[in-house]
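The structure appears right after this line, and notes come after that.
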Amino acid sequence: GMALTSCLDLHPFVLASMKYSANVSSSRRKARKTHFNATSIVRAKLMSAPLSAELKAKYNVNAMPVRKDDEVSVVRGSYKGREGKIIQCYRRKWVIHIERIIREKANGANVQVGLDPSKVVITKLKLDKDRRAILTRKDSKKSSSKGKGKYTAEEMAEVD
């Protein structure tokens with residue numbers, strides 16, 4: 001009715017900036033709070049890394065949460081090009097530790113350098129039952145070549 005149109009006239013940007021989901025806040029303050037107060041399990045998922053081209057082709061999956069014993073290659077920063085096995089996922093600090101990526105402290109002690117998981121590429125996955133299940137679930141091609149909920153011409157012919 002009239003009330004609705006006048007409401008829309010007041011806000012020409014209302015359609016352009018509409019959110020996809022009403023139950024998710026777009027407040028920066030709340031997003032940051034959620035991020036930094038995330039539990040360890042939520043962090044595990046947020047700490048994901050892209051798969052290498054070979055692994056992407058093999059599993060039809062773009063990225064996976066990193067875990068200890070995965071082998072990764074660093075693609076950004078001063079350690080770019082270095083490769084190694086993940087020896088620790090330090091979720092508290094949002095970083096991963098990779099073997100042989102260490103620096104010397106002023107007192108001569110060697111410490112692991114924490115790297116952001118998004119700045120590495122997974123080159124070899126440590127596979128177990130759960131990890132395989134994730135790969136199967138995330139497989140974009142699935143076992144069949146059909147898309148989600150799509151019917152092939154043959155199947156439609158059978159229906160007729």
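Starting from 1 in every chain, residues are counted up; chains themselves are A, B, ... following the order of the structure tokens, and ligands are numbered from 1 as listed.
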
- Query: Counting only C-alpha atoms, what is within 10 Å of Glu83 in chain A, bar same-chain residues fewer than 5 positions away, as a PyMOL selection string?
  - Reply: chain A and resi 71-75+98-101+120-123

Restricting it to N, CA, C and O atoms, dump the selection as a PDB file, in the first residue's frame.
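Printed below is selection32.pdb as written:
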```pdb
ATOM      1  N   GLU A  71      51.660 -31.339   4.930  1.00  0.00           N
ATOM      2  CA  GLU A  71      52.846 -30.681   4.388  1.00  0.00           C
ATOM      3  C   GLU A  71      52.398 -29.470   3.595  1.00  0.00           C
ATOM      4  O   GLU A  71      51.455 -29.543   2.805  1.00  0.00           O
ATOM      5  N   VAL A  72      53.067 -28.347   3.846  1.00  0.00           N
ATOM      6  CA  VAL A  72      52.649 -27.094   3.238  1.00  0.00           C
ATOM      7  C   VAL A  72      53.823 -26.371   2.582  1.00  0.00           C
ATOM      8  O   VAL A  72      54.985 -26.660   2.867  1.00  0.00           O
ATOM      9  N   SER A  73      53.458 -25.433   1.699  1.00  0.00           N
ATOM     10  CA  SER A  73      54.443 -24.579   1.054  1.00  0.00           C
ATOM     11  C   SER A  73      54.013 -23.139   1.310  1.00  0.00           C
ATOM     12  O   SER A  73      52.847 -22.800   1.151  1.00  0.00           O
ATOM     13  N   VAL A  74      54.963 -22.293   1.743  1.00  0.00           N
ATOM     14  CA  VAL A  74      54.640 -20.906   2.066  1.00  0.00           C
ATOM     15  C   VAL A  74      54.600 -20.087   0.773  1.00  0.00           C
ATOM     16  O   VAL A  74      55.518 -20.165  -0.052  1.00  0.00           O
ATOM     17  N   VAL A  75      53.533 -19.316   0.579  1.00  0.00           N
ATOM     18  CA  VAL A  75      53.384 -18.571  -0.676  1.00  0.00           C
ATOM     19  C   VAL A  75      53.441 -17.057  -0.498  1.00  0.00           C
ATOM     20  O   VAL A  75      53.404 -16.311  -1.474  1.00  0.00           O
ATOM     21  N   ILE A  98      55.760 -24.478  11.329  1.00  0.00           N
ATOM     22  CA  ILE A  98      56.230 -25.397  10.292  1.00  0.00           C
ATOM     23  C   ILE A  98      57.674 -25.777  10.593  1.00  0.00           C
ATOM     24  O   ILE A  98      58.469 -24.916  11.004  1.00  0.00           O
ATOM     25  N   GLU A  99      57.977 -27.059  10.396  1.00  0.00           N
ATOM     26  CA  GLU A  99      59.330 -27.520  10.727  1.00  0.00           C
ATOM     27  C   GLU A  99      60.371 -26.726   9.939  1.00  0.00           C
ATOM     28  O   GLU A  99      60.143 -26.338   8.793  1.00  0.00           O
ATOM     29  N   ARG A 100      61.503 -26.460  10.580  1.00  0.00           N
ATOM     30  CA  ARG A 100      62.629 -25.733   9.985  1.00  0.00           C
ATOM     31  C   ARG A 100      62.362 -24.248   9.720  1.00  0.00           C
ATOM     32  O   ARG A 100      63.237 -23.567   9.203  1.00  0.00           O
ATOM     33  N   ILE A 101      61.177 -23.756  10.051  1.00  0.00           N
ATOM     34  CA  ILE A 101      60.974 -22.308   9.946  1.00  0.00           C
ATOM     35  C   ILE A 101      61.081 -21.724  11.347  1.00  0.00           C
ATOM     36  O   ILE A 101      60.120 -21.684  12.113  1.00  0.00           O
ATOM     37  N   VAL A 120      49.726 -20.139   3.257  1.00  0.00           N
ATOM     38  CA  VAL A 120      50.399 -21.363   2.822  1.00  0.00           C
ATOM     39  C   VAL A 120      49.480 -22.140   1.885  1.00  0.00           C
ATOM     40  O   VAL A 120      48.284 -21.865   1.814  1.00  0.00           O
ATOM     41  N   VAL A 121      50.063 -23.083   1.164  1.00  0.00           N
ATOM     42  CA  VAL A 121      49.291 -23.978   0.303  1.00  0.00           C
ATOM     43  C   VAL A 121      49.573 -25.398   0.767  1.00  0.00           C
ATOM     44  O   VAL A 121      50.731 -25.758   0.986  1.00  0.00           O
ATOM     45  N   ILE A 122      48.524 -26.183   0.947  1.00  0.00           N
ATOM     46  CA  ILE A 122      48.713 -27.572   1.392  1.00  0.00           C
ATOM     47  C   ILE A 122      49.191 -28.412   0.206  1.00  0.00           C
ATOM     48  O   ILE A 122      48.528 -28.452  -0.831  1.00  0.00           O
ATOM     49  N   THR A 123      50.343 -29.056   0.354  1.00  0.00           N
ATOM     50  CA  THR A 123      50.888 -29.867  -0.740  1.00  0.00           C
ATOM     51  C   THR A 123      50.674 -31.360  -0.500  1.00  0.00           C
ATOM     52  O   THR A 123      50.688 -32.149  -1.431  1.00  0.00           O
TER      53      THR A 123
END
```

- Message: At a cut-off of 12 Å, using only C-alpha atoms, what residues contact range 128-132 of chain A? Leave out same-chain residues fewer than 4 positions from it and give the result as a ChimeraX atom specification.
- Response: /A:59,61,64-67,69-70,136-139

Would you output that residue set with C-alpha atoms, as a PDB file, in the first residue's frame?
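New file selection-v9.pdb:
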```pdb
ATOM      1  CA  TYR A  59      39.742 -34.121  -4.807  1.00  0.00           C
ATOM      2  CA  VAL A  61      38.128 -29.355  -3.184  1.00  0.00           C
ATOM      3  CA  MET A  64      40.827 -27.557   3.954  1.00  0.00           C
ATOM      4  CA  PRO A  65      41.348 -26.733   7.611  1.00  0.00           C
ATOM      5  CA  VAL A  66      45.052 -27.297   8.308  1.00  0.00           C
ATOM      6  CA  ARG A  67      46.233 -29.920  10.771  1.00  0.00           C
ATOM      7  CA  ASP A  69      51.412 -33.451   9.865  1.00  0.00           C
ATOM      8  CA  ASP A  70      50.064 -31.758   6.724  1.00  0.00           C
ATOM      9  CA  THR A 136      33.964 -36.478   0.196  1.00  0.00           C
ATOM     10  CA  ARG A 137      31.500 -33.935   1.581  1.00  0.00           C
ATOM     11  CA  LYS A 138      33.262 -30.957  -0.013  1.00  0.00           C
ATOM     12  CA  ASP A 139      33.790 -32.675  -3.379  1.00  0.00           C
TER      13      ASP A 139
END
```

- Message: Show me, as a list in words, the residues that have an atom within 12 Å of range 33-38 of chain A when counting only C-alpha atoms, minus same-chain residues fewer than 4 positions from it.
- Response: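 These residues fall inside the cut-off: Val24, Ser25, Ser26, Ser27, Arg28, Arg29, Val42, Arg43, Ala44, Lys45, Leu46, Met47, Arg91, Arg92, Lys93 and Trp94 of chain A.
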
May I have the selected residues written with C-alpha atoms, as an mmCIF file, in the first residue's frame?
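Now in out-v8.cif:
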```cif
data_model
loop_
_atom_site.group_PDB
_atom_site.id
_atom_site.type_symbol
_atom_site.label_atom_id
_atom_site.label_comp_id
_atom_site.auth_asym_id
_atom_site.auth_seq_id
_atom_site.Cartn_x
_atom_site.Cartn_y
_atom_site.Cartn_z
ATOM 1 C CA VAL A 24 23.833 -12.405 10.864
ATOM 2 C CA SER A 25 25.049 -9.002 11.970
ATOM 3 C CA SER A 26 27.089 -6.843 9.609
ATOM 4 C CA SER A 27 28.462 -4.841 12.517
ATOM 5 C CA ARG A 28 32.265 -4.668 12.452
ATOM 6 C CA ARG A 29 32.324 -4.592 16.231
ATOM 7 C CA VAL A 42 35.503 -22.867 15.379
ATOM 8 C CA ARG A 43 39.091 -21.623 15.010
ATOM 9 C CA ALA A 44 40.129 -24.954 13.517
ATOM 10 C CA LYS A 45 37.716 -24.322 10.647
ATOM 11 C CA LEU A 46 38.668 -20.674 10.258
ATOM 12 C CA MET A 47 42.321 -21.718 10.046
ATOM 13 C CA ARG A 91 44.882 -21.998 17.476
ATOM 14 C CA ARG A 92 45.150 -19.683 20.468
ATOM 15 C CA LYS A 93 47.426 -17.435 18.393
ATOM 16 C CA TRP A 94 45.767 -18.154 14.998
#
```

- From the set A:Ala57, A:Leu135, A:Ala22, A:Ala49, which residue has the shortest atom-to-atom contact distance to Val95 in chain A, counting only C-alpha atoms?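 For Val95 in chain A, the nearest of the given residues is A:Ala49.
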
- Item | Interatomic distance, CA of Asp116 in chain A to CA of Asn23 in chain A (Å, one decimal) |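 Taking CA of Asp116 in chain A and CA of Asn23 in chain A, their separation equals 29.2 Å.
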
- Task: Give the alpha helix (DSSP H) residues of range 32-158 of chain A, as assigned by DSSP on the backbone, as an MDAnalysis selection string.
- Result: chainID A and resid 32:36 40:46 53:59 129:138 153:158
